[in-house]
>>> print(open('input01.tsv').read())   # TSV, C-alpha atoms
chain	number	residue	atom	x	y	z
Z	1367	MET	CA	88.92	77.34	112.13
Z	1368	GLN	CA	88.19	78.40	115.70
Z	1369	LYS	CA	90.10	81.53	116.61
Z	1370	VAL	CA	91.56	82.35	120.03
Z	1371	ARG	CA	91.20	85.92	121.19
Z	1372	LEU	CA	94.45	87.12	122.79
Z	1373	LYS	CA	94.77	90.34	124.74
Z	1374	TRP	CA	97.44	92.85	123.91
Z	1375	VAL	CA	100.80	92.55	125.67
Z	1376	LYS	CA	103.22	95.47	125.78
Z	1377	ASN	CA	106.77	94.97	124.52
Z	1378	ARG	CA	109.11	97.65	125.86
Z	1379	GLY	CA	111.96	96.64	123.56
Z	1380	LEU	CA	109.92	97.02	120.36
Z	1381	ASP	CA	108.30	100.22	121.64
Z	1382	HIS	CA	111.77	101.68	122.16
Z	1383	LEU	CA	112.79	100.68	118.64
Z	1384	ILE	CA	109.69	102.43	117.28
Z	1385	GLU	CA	110.61	105.65	119.12
Z	1386	ARG	CA	114.18	105.40	117.86
Z	1387	THR	CA	113.11	104.80	114.25
Z	1388	THR	CA	110.60	107.66	114.45
Z	1389	SER	CA	113.37	110.06	115.45
Z	1390	ILE	CA	115.62	108.79	112.65
Z	1391	ARG	CA	112.76	109.13	110.19
Z	1392	ALA	CA	112.13	112.75	111.18
Z	1393	SER	CA	115.84	113.59	110.92
Z	1394	CYS	CA	116.27	111.95	107.51
Z	1395	LEU	CA	113.19	113.64	106.07
Z	1396	LEU	CA	114.27	117.02	107.45
Z	1397	LEU	CA	117.77	116.58	106.05
Z	1398	ASP	CA	116.32	115.73	102.67
Z	1399	HIS	CA	113.88	118.65	102.78
Z	1400	LEU	CA	116.50	121.23	103.78
Z	1401	SER	CA	119.01	119.98	101.21
Z	1402	ARG	CA	116.54	120.57	98.38
Z	1403	LEU	CA	115.57	124.12	99.31
Z	1404	PRO	CA	116.95	126.77	96.93
Z	1405	GLY	CA	119.50	129.26	98.18
Z	1406	SER	CA	122.10	129.03	100.91
Z	1407	SER	CA	120.42	131.19	103.55
Z	1408	PRO	CA	119.37	129.59	106.86
Z	1409	VAL	CA	115.76	128.37	106.90
Z	1410	PRO	CA	113.43	129.96	109.48
Z	1411	ALA	CA	112.09	127.38	111.91
Z	1412	ARG	CA	108.55	128.75	111.61
Z	1413	SER	CA	108.48	127.73	107.95
Z	1414	LEU	CA	109.11	124.13	109.06
Z	1415	ALA	CA	106.51	124.10	111.85
Z	1416	ARG	CA	103.83	122.74	109.52
Z	1417	LEU	CA	105.92	119.59	109.01
Z	1418	GLN	CA	105.48	118.37	112.60
Z	1419	LYS	CA	102.65	115.95	111.83
Z	1420	PRO	CA	104.04	114.63	108.49
Z	1421	LEU	CA	107.35	114.00	110.26
Z	1422	GLY	CA	105.59	112.09	113.04
Z	1423	LEU	CA	107.05	114.30	115.76
Z	1424	THR	CA	105.45	114.58	119.19
Z	1425	VAL	CA	107.38	117.79	119.92
Z	1426	PRO	CA	107.53	121.09	117.98
Z	1427	VAL	CA	109.94	121.12	115.05
Z	1428	LEU	CA	111.94	123.97	116.61
Z	1429	ARG	CA	112.61	121.92	119.74
Z	1430	PHE	CA	113.61	118.92	117.64
Z	1431	LEU	CA	116.05	120.99	115.57
Z	1432	ARG	CA	117.67	122.50	118.65
Z	1433	ARG	CA	117.94	119.09	120.27
Z	1434	HIS	CA	120.23	117.86	117.48
Z	1435	PRO	CA	122.88	120.54	116.84
Z	1436	THR	CA	125.19	118.05	115.14
Z	1437	LEU	CA	122.68	117.80	112.26
Z	1438	PHE	CA	121.06	121.25	112.27
Z	1439	SER	CA	123.10	124.37	112.96
Z	1440	GLU	CA	121.17	127.32	114.40
Z	1441	GLN	CA	122.24	130.60	112.87
Z	1442	PRO	CA	120.87	134.16	112.88
Z	1443	HIS	CA	118.62	135.05	109.99
Z	1444	PRO	CA	120.24	137.54	107.54
Z	1445	ARG	CA	117.33	139.99	107.81
Z	1446	PHE	CA	115.74	139.15	111.18
Z	1447	PRO	CA	118.46	138.24	113.73
Z	1448	THR	CA	115.96	137.19	116.41
Z	1449	LEU	CA	114.23	134.71	114.11
Z	1450	PRO	CA	115.46	131.12	114.81
Z	1451	SER	CA	116.91	129.76	111.58
Z	1452	PHE	CA	118.78	126.59	110.72
Z	1453	SER	CA	121.15	125.18	108.12
Z	1454	LEU	CA	122.81	121.82	107.61
Z	1455	THR	CA	126.12	120.97	109.27
Z	1456	SER	CA	129.10	119.38	107.55
Z	1457	ALA	CA	128.14	116.04	109.12
Z	1458	SER	CA	124.67	116.36	107.57
Z	1459	HIS	CA	126.08	116.76	104.06
Z	1460	THR	CA	128.26	113.69	104.57
Z	1461	LEU	CA	125.28	111.65	105.77
Z	1462	LEU	CA	123.09	112.84	102.89
Z	1463	ALA	CA	125.62	111.55	100.37
Z	1464	ARG	CA	125.80	108.19	102.12
Z	1465	LEU	CA	122.01	107.94	102.36
Z	1466	ALA	CA	121.72	108.58	98.62
Z	1467	ASP	CA	124.26	105.87	97.82
Z	1468	ALA	CA	122.61	103.34	100.15
Z	1469	SER	CA	119.08	104.02	98.86
Z	1470	ALA	CA	120.20	103.14	95.34
Z	1471	HIS	CA	121.04	99.62	96.48
Z	1472	ASP	CA	117.72	97.88	95.74
Z	1473	ALA	CA	115.01	100.54	96.12
Z	1474	HIS	CA	113.57	99.86	92.66
Z	1475	LEU	CA	113.17	96.17	93.52
Z	1476	ARG	CA	111.27	97.00	96.69
Z	1477	LEU	CA	108.92	99.28	94.77
Z	1478	ALA	CA	108.47	96.65	92.05
Z	1479	ARG	CA	107.51	94.03	94.64
Z	1480	LEU	CA	105.06	96.46	96.23
Z	1481	LEU	CA	103.39	97.06	92.86
Z	1482	LEU	CA	103.26	93.31	92.22
Z	1483	LEU	CA	101.30	92.89	95.45
Z	1484	THR	CA	98.51	95.14	94.13
Z	1485	ARG	CA	95.59	94.05	91.97
Z	1486	SER	CA	96.31	96.46	89.12
Z	1487	ARG	CA	100.12	96.54	89.44
Z	1488	SER	CA	99.84	100.28	89.99
Z	1489	LEU	CA	99.40	102.73	92.86
Z	1490	PRO	CA	98.66	106.43	93.23
Z	1491	LEU	CA	101.81	108.38	94.00
Z	1492	ALA	CA	100.02	109.80	97.03
Z	1493	SER	CA	99.79	106.26	98.44
Z	1494	VAL	CA	103.47	105.51	97.86
Z	1495	LEU	CA	104.89	108.76	99.28
Z	1496	PRO	CA	104.11	107.89	102.95
Z	1497	LEU	CA	106.16	104.71	102.44
Z	1498	ARG	CA	109.17	106.49	100.95
Z	1499	PHE	CA	111.24	106.29	104.14
Z	1500	ASP	CA	110.08	102.74	104.93
Z	1501	LEU	CA	111.00	101.41	101.48
Z	1502	GLY	CA	114.16	103.51	101.20
Z	1503	LEU	CA	112.98	105.31	98.05
Z	1504	PRO	CA	114.75	108.47	96.86
Z	1505	PHE	CA	112.77	111.70	96.82
Z	1506	ASN	CA	112.56	111.79	93.01
Z	1507	PHE	CA	111.71	108.10	92.54
Z	1508	ALA	CA	108.65	108.97	90.42
Z	1509	ALA	CA	110.93	110.54	87.80
Z	1510	ALA	CA	114.16	108.62	88.39
Z	1511	PHE	CA	112.85	105.06	88.23
Z	1512	PRO	CA	110.96	105.37	84.89
Z	1513	ALA	CA	114.06	107.07	83.45
Z	1514	SER	CA	116.54	104.46	84.69
Z	1515	HIS	CA	114.19	101.49	84.12
Z	1516	PRO	CA	111.94	102.58	81.21
Z	1517	GLY	CA	110.72	99.07	80.47
Z	1518	VAL	CA	109.75	98.40	84.09
Z	1519	PHE	CA	108.11	101.53	85.54
Z	1520	ALA	CA	105.76	104.11	84.09
Z	1521	VAL	CA	104.10	107.18	85.59
Z	1522	ALA	CA	100.83	108.58	84.24
Z	1523	ASN	CA	97.91	110.44	85.80
Z	1524	ASN	CA	99.70	110.63	89.15
Z	1525	ARG	CA	100.00	106.84	89.30
Z	1526	ILE	CA	103.11	104.70	89.12
Z	1527	SER	CA	102.70	101.31	87.48
Z	1528	LEU	CA	104.74	98.25	86.65
Z	1529	ARG	CA	104.95	97.80	82.90
Z	1530	SER	CA	106.80	94.51	82.86
Z	1531	ALA	CA	108.85	92.33	85.17
Z	1532	SER	CA	111.10	91.12	82.37
Z	1533	GLY	CA	114.01	93.30	83.41
Z	1534	LEU	CA	113.80	92.22	87.06
Z	1535	PRO	CA	115.25	89.18	88.88
Z	1536	GLU	CA	113.51	85.86	88.32
Z	1537	ASP	CA	112.46	85.58	91.97
Z	1538	ILE	CA	110.88	89.05	92.06
Z	1539	ALA	CA	107.42	87.50	92.60
Z	1540	VAL	CA	108.56	84.93	95.16
Z	1541	SER	CA	107.58	85.71	98.74
Z	1542	SER	CA	110.06	85.74	101.61
Z	1543	LEU	CA	108.41	82.63	103.06
Z	1544	GLN	CA	108.84	80.77	99.78
Z	1545	ARG	CA	112.48	81.84	99.53
Z	1546	ARG	CA	113.06	80.65	103.09
Z	1547	HIS	CA	111.33	77.37	102.24
Z	1548	ALA	CA	113.61	76.85	99.23
Z	1549	ALA	CA	116.69	77.65	101.31
Z	1550	ALA	CA	115.54	75.27	104.05
Z	1551	ILE	CA	115.12	72.43	101.55
Z	1552	ASP	CA	118.61	73.00	100.15
Z	1553	SER	CA	120.19	72.80	103.61
Z	1554	ALA	CA	117.72	70.50	105.36
Z	1555	THR	CA	118.59	67.19	106.94
Z	1556	TYR	CA	116.54	64.05	106.48
Z	1557	ARG	CA	114.92	64.60	109.88
Z	1558	ALA	CA	113.83	68.11	108.93
Z	1559	LEU	CA	112.39	66.98	105.60
Z	1560	SER	CA	110.44	64.19	107.30
Z	1561	ARG	CA	108.45	66.57	109.47
Z	1562	PRO	CA	104.69	66.39	108.81
Z	1563	PRO	CA	103.23	69.40	106.99
Z	1564	SER	CA	100.84	69.97	109.92
Z	1565	SER	CA	103.74	70.86	112.22
Z	1566	SER	CA	104.12	74.51	113.16
Z	1567	SER	CA	107.84	74.14	112.48
Z	1568	ALA	CA	107.29	73.28	108.82
Z	1569	PRO	CA	109.39	75.48	106.46
Z	1570	LEU	CA	106.42	77.41	105.02
Z	1571	ALA	CA	104.94	78.15	108.43
Z	1572	PHE	CA	104.98	81.75	109.59
Z	1573	PRO	CA	107.64	82.30	112.24
Z	1574	MET	CA	105.82	82.85	115.53
Z	1575	ARG	CA	107.18	84.83	118.46
Z	1576	PHE	CA	104.38	85.03	120.96
Z	1577	PRO	CA	104.43	87.36	123.94
Z	1578	ARG	CA	105.54	85.67	127.12
Z	1579	GLY	CA	102.89	83.32	128.46
Z	1580	TYR	CA	101.05	82.75	125.18
Z	1581	GLY	CA	103.35	80.38	123.31
Z	1582	GLY	CA	102.90	77.55	125.82
Z	1583	MET	CA	99.10	77.70	125.94
Z	1584	LYS	CA	97.57	74.52	124.53
Z	1585	LYS	CA	94.66	76.29	122.85
Z	1586	VAL	CA	97.08	78.68	121.12
Z	1587	LYS	CA	99.26	75.81	119.89
Z	1588	ALA	CA	96.21	73.93	118.57
Z	1589	TRP	CA	94.98	77.07	116.81
Z	1590	MET	CA	98.35	77.74	115.19
Z	1591	ASP	CA	98.73	74.13	114.03
Z	1592	GLU	CA	95.31	74.36	112.41
Z	1593	PHE	CA	96.26	77.71	110.87
Z	1594	HIS	CA	99.49	76.32	109.40
Z	1595	ARG	CA	97.65	73.37	107.86
Z	1596	LEU	CA	95.66	75.76	105.68
Z	1597	PRO	CA	96.93	76.13	102.09
Z	1598	TYR	CA	99.44	78.92	101.60
Z	1599	ILE	CA	98.60	81.40	98.83
Z	1600	SER	CA	101.49	83.56	97.73
Z	1601	PRO	CA	100.67	87.28	98.07
Z	1602	TYR	CA	101.86	87.68	94.48
Z	1603	ASP	CA	99.29	85.17	93.17
Z	1604	ASP	CA	95.75	86.02	92.09
Z	1605	ALA	CA	93.35	85.26	94.95
Z	1606	SER	CA	90.17	86.53	93.28
Z	1607	GLY	CA	88.69	83.02	93.25
Z	1608	VAL	CA	88.99	82.58	97.02
Z	1609	ASP	CA	86.07	83.38	99.31
Z	1610	PRO	CA	86.98	86.63	101.17
Z	1611	GLU	CA	85.19	85.31	104.28
Z	1612	SER	CA	87.13	82.05	104.39
Z	1613	ASP	CA	90.03	81.12	106.66
Z	1614	ILE	CA	92.19	80.56	103.57
Z	1615	TYR	CA	91.71	84.17	102.49
Z	1616	GLU	CA	92.56	85.36	105.99
Z	1617	LYS	CA	95.80	83.39	105.80
Z	1618	ARG	CA	96.41	84.98	102.41
Z	1619	ASN	CA	95.98	88.42	104.03
Z	1620	ILE	CA	98.42	87.49	106.80
Z	1621	GLY	CA	100.91	86.42	104.14
Z	1622	LEU	CA	100.40	89.67	102.23
Z	1623	LEU	CA	100.95	91.86	105.32
Z	1624	HIS	CA	103.93	89.71	106.26
Z	1625	GLU	CA	105.44	90.32	102.82
Z	1626	LEU	CA	104.63	94.04	102.90
Z	1627	LEU	CA	106.36	94.53	106.25
Z	1628	GLY	CA	109.26	92.40	105.04
Z	1629	LEU	CA	109.80	94.83	102.15
Z	1630	THR	CA	110.46	97.73	104.53
Z	1631	VAL	CA	113.96	98.56	105.72
Z	1632	HIS	CA	113.10	98.57	109.43
Z	1633	LYS	CA	110.37	95.88	109.29
Z	1634	MET	CA	107.76	98.29	110.58
Z	1635	VAL	CA	105.20	100.58	109.02
Z	1636	ARG	CA	102.47	102.94	110.17
Z	1637	ARG	CA	98.93	101.69	109.94
Z	1638	ASN	CA	97.78	104.83	108.11
Z	1639	ALA	CA	100.22	104.04	105.30
Z	1640	ILE	CA	98.72	100.56	104.95
Z	1641	ARG	CA	95.23	102.05	104.92
Z	1642	LEU	CA	96.08	103.99	101.77
Z	1643	LEU	CA	96.91	100.67	100.07
Z	1644	ARG	CA	93.97	98.70	101.46
Z	1645	GLU	CA	91.75	98.52	98.38
Z	1646	GLU	CA	94.57	97.80	95.95
Z	1647	LEU	CA	95.92	95.04	98.22
Z	1648	GLY	CA	92.48	93.49	98.70
Z	1649	LEU	CA	92.54	93.85	102.49
Z	1650	PRO	CA	89.33	93.89	104.54
Z	1651	HIS	CA	87.87	97.16	105.76
Z	1652	ARG	CA	88.89	96.52	109.38
Z	1653	PHE	CA	92.30	95.03	108.67
Z	1654	THR	CA	93.73	96.05	112.06
Z	1655	ARG	CA	92.08	92.97	113.53
Z	1656	LEU	CA	94.52	90.83	111.56
Z	1657	PHE	CA	97.38	92.27	113.60
Z	1658	THR	CA	95.67	91.72	116.93
Z	1659	ARG	CA	94.58	88.15	116.08
Z	1660	TYR	CA	98.14	87.08	115.26
Z	1661	PRO	CA	100.41	88.63	117.92
Z	1662	GLY	CA	103.01	85.95	117.22
Z	1663	VAL	CA	103.61	87.49	113.77
Z	1664	PHE	CA	102.91	91.19	114.34
Z	1665	TYR	CA	103.27	93.68	117.16
Z	1666	LEU	CA	100.91	96.64	117.29
Z	1667	SER	CA	102.04	99.76	119.13
Z	1668	LEU	CA	100.59	103.18	119.88
Z	1669	LYS	CA	103.95	104.81	120.56
Z	1670	CYS	CA	104.62	108.33	119.23
Z	1671	LYS	CA	100.89	109.12	119.07
Z	1672	THR	CA	100.26	106.84	116.11
Z	1673	THR	CA	99.68	103.17	115.39
Z	1674	THR	CA	102.71	101.26	114.14
Z	1675	VAL	CA	102.93	97.61	113.11
Z	1676	VAL	CA	106.19	95.70	113.57
Z	1677	LEU	CA	107.13	92.34	112.07
Z	1678	ARG	CA	108.31	90.41	115.13
Z	1679	GLU	CA	110.66	88.10	113.24
Z	1680	GLY	CA	112.47	91.13	111.83
Z	1681	TYR	CA	114.23	91.73	115.15
Z	1682	GLU	CA	116.39	89.52	117.35
Z	1683	ARG	CA	117.24	90.97	120.76
Z	1684	GLY	CA	116.74	94.54	119.61
Z	1685	LYS	CA	118.72	94.23	116.36
Z	1686	LEU	CA	117.56	93.88	112.78
Z	1687	VAL	CA	117.96	90.32	111.55
Z	1688	GLU	CA	118.22	91.44	107.91
Z	1689	HIS	CA	120.57	94.41	108.12
Z	1690	HIS	CA	120.14	96.52	105.00
Z	1691	PRO	CA	122.94	98.92	103.91
Z	1692	LEU	CA	120.50	101.81	104.27
Z	1693	ALA	CA	119.74	100.77	107.85
Z	1694	ALA	CA	123.47	100.93	108.61
Z	1695	VAL	CA	123.67	104.53	107.37
Z	1696	ARG	CA	120.56	105.43	109.33
Z	1697	ASP	CA	122.22	103.98	112.42
Z	1698	LYS	CA	125.02	106.44	111.74
Z	1699	VAL	CA	122.41	109.24	111.57
Z	1700	HIS	CA	121.22	108.17	115.01
Z	1701	TYR	CA	124.80	108.13	116.28
Z	1702	VAL	CA	125.23	111.74	115.11
Z	1703	MET	CA	121.90	112.69	116.70
Z	1704	ARG	CA	122.84	111.13	120.05
Z	1705	THR	CA	126.27	112.78	120.01
Z	1706	GLY	CA	124.56	116.17	119.70
Z	1707	VAL	CA	122.19	115.37	122.56
Z	1708	LEU	CA	125.03	114.28	124.84
Z	1709	TYR	CA	127.65	116.94	123.98
Z	1710	ARG	CA	125.46	119.77	122.64
Z	1711	GLY	CA	127.64	122.45	120.98
Z	1712	LYS	CA	130.77	120.32	121.25
Z	1713	GLY	CA	129.14	117.40	119.49
Z	1714	LEU	CA	130.66	118.02	116.06
Z	1715	SER	CA	134.16	117.78	117.52
Z	1716	LYS	CA	133.28	114.40	119.07
Z	1717	LEU	CA	132.01	112.81	115.85
Z	1718	VAL	CA	133.92	110.05	114.07
Z	1719	LEU	CA	132.36	109.63	110.64
Z	1720	ASP	CA	134.53	106.87	109.25
Z	1721	GLU	CA	133.18	104.31	106.82
Z	1722	ASP	CA	131.81	101.92	109.43
Z	1723	GLY	CA	132.01	103.79	112.73
Z	1724	THR	CA	131.00	100.65	114.58
Z	1725	GLU	CA	133.21	101.16	117.64
Z	1726	GLU	CA	132.13	104.71	118.41
Z	1727	GLU	CA	128.48	104.11	117.63
Z	1728	GLY	CA	128.43	100.86	119.54
Z	1729	ALA	CA	129.83	102.52	122.65
Z	1730	LEU	CA	127.00	105.03	122.65
Z	1731	ASN	CA	124.38	102.40	121.94
Z	1732	GLU	CA	125.51	100.14	124.76
Z	1733	GLU	CA	125.41	103.03	127.21
Z	1734	GLU	CA	122.01	104.29	126.19
Z	1735	PHE	CA	120.18	101.15	125.12
Z	1736	GLU	CA	121.27	98.74	127.78
Z	1737	GLY	CA	117.81	97.18	127.88
Z	1738	GLU	CA	117.00	97.48	124.19
Z	1739	GLY	CA	117.90	93.89	123.42
Z	1740	MET	CA	115.05	92.54	125.53
Z	1741	ASP	CA	112.89	91.64	122.55
Z	1742	GLU	CA	111.11	88.71	124.16
Z	1743	ASP	CA	112.07	89.07	127.82
Z	1744	ALA	CA	110.85	92.66	127.92
Z	1745	ASP	CA	107.24	91.68	127.28
Z	1746	VAL	CA	105.18	93.12	130.12
Z	1747	GLU	CA	102.10	91.04	130.77
Z	1748	CYS	CA	99.16	93.43	130.80
Z	1749	PHE	CA	96.37	90.91	130.49
Z	1750	GLY	CA	93.85	93.20	132.16
Z	1751	MET	CA	94.69	96.05	129.82
Z	1752	GLU	CA	93.25	96.97	126.43
Z	1753	ILE	CA	94.49	99.54	123.95
Z	1754	VAL	CA	91.88	102.24	123.62
Z	1755	ASP	CA	91.84	104.07	120.33
Z	1756	ASP	CA	89.39	106.59	118.89
Z	1757	ASP	CA	86.59	104.07	118.44
Z	1758	GLY	CA	87.34	101.53	121.14
Z	1759	PRO	CA	89.76	98.64	121.74
Z	1760	VAL	CA	92.44	98.14	119.15
Z	1761	GLY	CA	90.94	94.85	118.05
Z	1762	ASP	CA	87.72	96.64	117.12
Z	1763	VAL	CA	89.11	99.75	115.49
Z	1764	ASP	CA	87.20	101.06	112.51
Z	1765	ASP	CA	90.18	101.51	110.21
Z	1766	GLU	CA	88.57	104.01	107.92
Z	1767	GLY	CA	87.36	106.22	110.76
Z	1768	ASP	CA	90.65	106.50	112.63
Z	1769	SER	CA	92.89	109.47	111.93
Z	1770	ASP	CA	96.11	108.91	113.81
Z	1771	GLY	CA	99.21	110.70	112.62
>>> encode(input="input01.tsv", output="C-alpha cells")
Amino acid sequence: MQKVRLKWVKNRGLDHLIERTTSIRASCLLLDHLSRLPGSSPVPARSLARLQKPLGLTVPVLRFLRRHPTLFSEQPHPRFPTLPSFSLTSASHTLLARLADASAHDAHLRLARLLLLTRSRSLPLASVLPLRFDLGLPFNFAAAFPASHPGVFAVANNRISLRSASGLPEDIAVSSLQRRHAAAIDSATYRALSRPPSSSSAPLAFPMRFPRGYGGMKKVKAWMDEFHRLPYISPYDDASGVDPESDIYEKRNIGLLHELLGLTVHKMVRRNAIRLLREELGLPHRFTRLFTRYPGVFYLSLKCKTTTVVLREGYERGKLVEHHPLAAVRDKVHYVMRTGVLYRGKGLSKLVLDEDGTEEEGALNEEEFEGEGMDEDADVECFGMEIVDDDGPVGDVDDEGDSDG
C-alpha cells in the first residue's frame, strides 16, 4: 500500500479543548491530593510545588491555586502567617463527592478493556497511574477493584492483571468499530447494506475527519480506500501471526490506538502515557508516526508543553460526542474554576451547584468559548510548517528518546 505523506495542520478548536482539559485535569488531581492529606490545617503551597510537572501545568502551582479561589481557599498558616497555604472550599467538597460517584459508573470496565488490549492481560501499576484521570479511575483502584471484583482483577508484584472476563459483559472484548458495525446493520437500509466493502463509507471503516483541504485530494481518497480494503483485526484478537512490517499490522495498530483513545473519558491522551504501554500493546518503537500518517483519525498537538493525541471523531463542533457522566461533573469543575477567575473573591457567592447546572455553566461557556465549536472550520492550513520536537519533525520523533511532560 502506497502511503501519502501529509503535513501537519493546526486545529485551534482541538488545541483549545486540550488546554481546557489540562486545566481540569490539574484541578481534579489537586482536589484529590488535598482531600487525602491527613489533618485539617491548610497545606503550604511550597509543599505542592513539586507537583507542577506531574499535573501538566505550565505555570507554578502557587499561581494556579490563586487563580482558582472557588476551589482552593488561601489561608494563613497556623505557625507561619506569611507562608501561602491553601485548603479546600465548600464547593470543592461537593465536587469531590460527585466525582467519586461518577467515577464508579464504569471505571472497572474501562480498566478491564485496557488490560484485554495487552499481550499478557496485565500492566505495571506505574504504567496505569498516568492514565488514571483519562480512564476515570479512583485513586485507590489498585486495592478497590480486586476487592469489589475478586474474580476479575488481581494485584501482585506491583502489577494489575485480569484474572477472568467471566464476570464482565459479553461484549467486553468487542471494539467500538465492531459495535458500531453491529448497530449499523441493525438499522441499515437496503441501500446501505449494498455498499461495496471497498467503500470508505463501509460500516467497519474508520471515521475520517481530515483537515481542511485534504479530504478532497484524489491521492488521499485512493489511499484511504486501499487502507479500508485491508482486513480488520480487532485489537482484542491475537495478532502474533501477522507480519509486523505489513500493512495489515499497521491497520491493526491504528485500530488498537483508536480503541485505546476511545476508552478515555475525553478521547485524548498524552503520548508519554502511551509510551509506557508500548511493549505490552505491541506497538512499534516509533509509534508517533502512526498519528501523523493518519490525520483523519488522530490529531497530534504540542499544546501545554507536551504531546497530546486526540481522537477526532470523539468531538463534534467542540463537544464530546459520547458524553460520559464523569465528563459532565468535570464540566462542572471547569464552571467553578471559571467563576473564580471571573469574580475572584466573590466567586463562591456566584456559584450555582445544582444537579445539572446547565443554564449557568452554558452561559459562561458561550461567553468564553465562542469559537470553540470550530472543530473542522478552525483548521488553519500551515502546509509550510512542521512541528519541531526534541529530535526533529513530529513525524520522525524517536519516541523512546523524547521526554516531554
>>> closest_residue(input="input01.tsv", among="Z:Leu1489, Z:Val1663, Z:His1399, Z:Lys1617", to="Leu1643 (chain Z)", atoms="all atoms listed in the file")
Z:Leu1489
>>> closest_residue(input="input01.tsv", among="Z:Asn1619, Z:Ser1469, Z:Ser1406, Z:Thr1630", to="Leu1656 (chain Z)", atoms="all atoms listed in the file")
Z:Asn1619
>>> closest_residue(input="input01.tsv", among="Z:Glu1688, Z:Glu1682, Z:Asp1609, Z:Asp1500", to="Arg1391 (chain Z)", atoms="only C-alpha atoms")
Z:Asp1500
>>> atom_distance(input="input01.tsv", atom1="CA of Leu1482 (chain Z)", atom2="CA of Tyr1615 (chain Z)")
18.0 Å
>>> closest_residue(input="input01.tsv", among="Z:Ser1407, Z:Thr1460, Z:Asn1638, Z:Thr1455", to="His1443 (chain Z)", atoms="only C-alpha atoms")
Z:Ser1407
>>> residues_near_point(input="input01.tsv", point="(93.2, 74.5, 110.4)", cutoff="10 Å", atoms="only C-alpha atoms", output="PyMOL selection string")
chain Z and resi 1367-1369+1564+1588-1597+1613-1614
>>> closest_residue(input="input01.tsv", among="Z:Arg1402, Z:Arg1412, Z:His1434, Z:His1700", to="Leu1714 (chain Z)", atoms="all atoms listed in the file")
Z:His1434
>>> closest_residue(input="input01.tsv", among="Z:Ala1463, Z:Leu1647, Z:Gln1418, Z:Val1702", to="Thr1484 (chain Z)", atoms="only C-alpha atoms")
Z:Leu1647
>>> atom_distance(input="input01.tsv", atom1="CA of Leu1380 (chain Z)", atom2="CA of Leu1543 (chain Z)")
22.6 Å
>>> atom_distance(input="input01.tsv", atom1="CA of Ala1639 (chain Z)", atom2="CA of Ala1509 (chain Z)")
21.5 Å
>>> residues_around(input="input01.tsv", residues="Leu1437 (chain Z)", least_positions_apart="2", cutoff="12 Å", atoms="only C-alpha atoms", output="count of residues only")
43
>>> residues_around(input="input01.tsv", residues="Arg1371 (chain Z)", least_positions_apart="4", cutoff="10 Å", atoms="all atoms listed in the file", output="mmCIF file with C-alpha atoms, in the coordinates of the input")
data_model
loop_
_atom_site.group_PDB
_atom_site.id
_atom_site.type_symbol
_atom_site.label_atom_id
_atom_site.label_comp_id
_atom_site.auth_asym_id
_atom_site.auth_seq_id
_atom_site.Cartn_x
_atom_site.Cartn_y
_atom_site.Cartn_z
ATOM 1 C CA VAL Z 1586 97.080 78.680 121.120
ATOM 2 C CA THR Z 1658 95.670 91.720 116.930
ATOM 3 C CA ARG Z 1659 94.580 88.150 116.080
ATOM 4 C CA TYR Z 1660 98.140 87.080 115.260
ATOM 5 C CA GLY Z 1761 90.940 94.850 118.050
#
>>> residues_around(input="input01.tsv", residues="Ala1605 (chain Z)", least_positions_apart="2", cutoff="10 Å", atoms="only C-alpha atoms", output="list in words")
Arg1485, Ile1599, Ser1600, Pro1601, Tyr1602, Asp1603, Gly1607, Val1608, Asp1609, Pro1610, Ile1614, Tyr1615, Arg1618, Asn1619 and Gly1648 of chain Z
